[in-house]
Amino acid sequence: MITITEATTADIHTIQQIAYQTWPDTYGKILSKVQLVYMLDSFYSEETLRDNMVNKHHHFLLAIENGVALGFVSYEHNYNQRKVTRIHKIYVLPETQGKGIGKLLLYKIEALAKENNSTTLSLNVNRMNKALTFYQKIGFEIVADEDIEIGHGYLMEDFVMEKQ
């Protein structure tokens, strides 16, 4: 049985492990190895994750089965002072994908968003990411394109997706 639990700063190492195991599979054919390493080191350093949790009020949840973390999600209510719950990160270990863990995490966020009186779920996904069809199947729609400069000449080329 998979349980969803709130992560704390004590779980940063677990979140990092999942990201470092997931990203090569997710982005290996989309990004150069150098960009992939740069982004992982930037987005998943202990300092950055701690700042996200403590100062930026991003909440993290872990999907756990038999004491093993299989995935995580981070989200923020009242994104840009609107009734929007923003999903910042969601990753499930490659060997466990297709077992409903991603859906379970997103349905939990949806329930939390409703409790918070959010009217919309929002996320970004790389335009070439195979997860795009997963999000569309569970009700997300593309509402915009967004290019985000992240330093060192790198660009995130994303779709902005929303679900009402």
# chains A, B, ... in the order shown; residues from 1 in each chain; ligands from 1

$ select_by_dssp --residues "range 61-149 of chain A" --states "helix (DSSP H, G or I)" --output "VMD selection string"
chain A and resid 79 to 81 94 to 96 101 to 115 131 to 137

$ closest_residue --among "A:Glu46, A:Asp11, A:Glu146, A:Glu6" --to "Leu105 in chain A" --atoms "only C-alpha atoms"
A:Glu6

$ atom_distance --atom1 "CA of Met1 in chain A" --atom2 "CA of Lys108 in chain A"
15.2 Å

$ closest_atom_pairs --of "range 9-107 of chain A" --to "range 120-138 of chain A" --cutoff "6 Å" --atoms "only C-alpha atoms" --output "JSON lines"
{"residue": "A:Val84", "atom": "CA", "partner": "A:Thr120", "partner_atom": "CA", "distance": 4.8}
{"residue": "A:Thr85", "atom": "CA", "partner": "A:Leu121", "partner_atom": "CA", "distance": 5.0}
{"residue": "A:Arg86", "atom": "CA", "partner": "A:Ser122", "partner_atom": "CA", "distance": 4.8}
{"residue": "A:Ile87", "atom": "CA", "partner": "A:Leu123", "partner_atom": "CA", "distance": 5.1}

$ write_last_selection --atoms "N, CA and C atoms" --output "PDB file, in the first residue's frame"
ATOM      1  N   VAL A  84      -4.739  29.773  -6.886  1.00  0.00           N
ATOM      2  CA  VAL A  84      -4.071  28.768  -7.704  1.00  0.00           C
ATOM      3  C   VAL A  84      -3.147  27.959  -6.811  1.00  0.00           C
ATOM      4  N   THR A  85      -3.197  26.643  -6.966  1.00  0.00           N
ATOM      5  CA  THR A  85      -2.203  25.781  -6.344  1.00  0.00           C
ATOM      6  C   THR A  85      -1.230  25.392  -7.439  1.00  0.00           C
ATOM      7  N   ARG A  86       0.007  25.771  -7.234  1.00  0.00           N
ATOM      8  CA  ARG A  86       1.063  25.551  -8.226  1.00  0.00           C
ATOM      9  C   ARG A  86       1.845  24.288  -7.881  1.00  0.00           C
ATOM     10  N   ILE A  87       1.950  23.394  -8.830  1.00  0.00           N
ATOM     11  CA  ILE A  87       2.757  22.189  -8.664  1.00  0.00           C
ATOM     12  C   ILE A  87       4.136  22.514  -9.234  1.00  0.00           C
TER      13      ILE A  87
END

$ residues_around --residues "Tyr38 in chain A" --least-positions-apart "3" --cutoff "12 Å" --atoms "only C-alpha atoms" --output "list of chain:residue names"
A:Tyr20, A:Trp23, A:Leu31, A:Ser32, A:Lys33, A:Val34, A:Gln35, A:Asp41, A:Ser42, A:Phe43, A:Tyr44, A:Ser45, A:Ile150, A:Gly151, A:His152, A:Gly153, A:Tyr154, A:Leu155

$ select_by_dssp --residues "chain A" --states "strand (DSSP E or B)" --output "PyMOL selection string"
chain A and resi 2-6+59-65+68-76+84-92+120-126+141-151+154-163

$ closest_residue --among "A:Asp158, A:Ile4, A:Lys56, A:Leu40" --to "Gly102 in chain A" --atoms "only C-alpha atoms"
A:Ile4

$ decode --residues "range 109-121 of chain A" --atoms "N, CA, C and O atoms" --output "short mmCIF file (atom, residue, chain, number, x, y, z; two decimals), in the first residue's frame"
data_model
loop_
_atom_site.label_atom_id
_atom_site.label_comp_id
_atom_site.auth_asym_id
_atom_site.auth_seq_id
_atom_site.Cartn_x
_atom_site.Cartn_y
_atom_site.Cartn_z
N ILE A 109 -2.83 16.44 -4.19
CA ILE A 109 -2.67 17.89 -4.36
C ILE A 109 -4.01 18.53 -4.71
O ILE A 109 -4.36 19.58 -4.20
N GLU A 110 -4.78 17.87 -5.57
CA GLU A 110 -6.09 18.39 -5.95
C GLU A 110 -7.00 18.51 -4.72
O GLU A 110 -7.68 19.53 -4.55
N ALA A 111 -6.99 17.50 -3.87
CA ALA A 111 -7.80 17.55 -2.64
C ALA A 111 -7.33 18.67 -1.72
O ALA A 111 -8.15 19.42 -1.16
N LEU A 112 -6.02 18.83 -1.58
CA LEU A 112 -5.47 19.90 -0.75
C LEU A 112 -5.80 21.27 -1.34
O LEU A 112 -6.08 22.22 -0.61
N ALA A 113 -5.78 21.38 -2.66
CA ALA A 113 -6.13 22.63 -3.32
C ALA A 113 -7.58 23.00 -3.04
O ALA A 113 -7.89 24.17 -2.76
N LYS A 114 -8.47 22.02 -3.11
CA LYS A 114 -9.88 22.28 -2.82
C LYS A 114 -10.07 22.74 -1.38
O LYS A 114 -10.82 23.67 -1.11
N GLU A 115 -9.36 22.09 -0.45
CA GLU A 115 -9.42 22.50 0.96
C GLU A 115 -8.94 23.94 1.13
O GLU A 115 -9.38 24.65 2.03
N ASN A 116 -8.02 24.36 0.28
CA ASN A 116 -7.45 25.70 0.35
C ASN A 116 -8.26 26.71 -0.48
O ASN A 116 -7.87 27.86 -0.62
N ASN A 117 -9.36 26.26 -1.05
CA ASN A 117 -10.23 27.10 -1.88
C ASN A 117 -9.56 27.56 -3.18
O ASN A 117 -9.91 28.61 -3.72
N SER A 118 -8.60 26.80 -3.67
CA SER A 118 -8.01 27.09 -4.97
C SER A 118 -9.02 26.72 -6.05
O SER A 118 -9.79 25.78 -5.90
N THR A 119 -8.99 27.46 -7.14
CA THR A 119 -9.88 27.17 -8.26
C THR A 119 -9.13 26.49 -9.41
O THR A 119 -9.75 25.96 -10.33
N THR A 120 -7.79 26.52 -9.34
CA THR A 120 -6.97 26.04 -10.45
C THR A 120 -5.72 25.34 -9.93
O THR A 120 -5.12 25.78 -8.96
N LEU A 121 -5.35 24.26 -10.60
CA LEU A 121 -4.02 23.66 -10.44
C LEU A 121 -3.19 24.12 -11.63
O LEU A 121 -3.70 24.17 -12.76
#
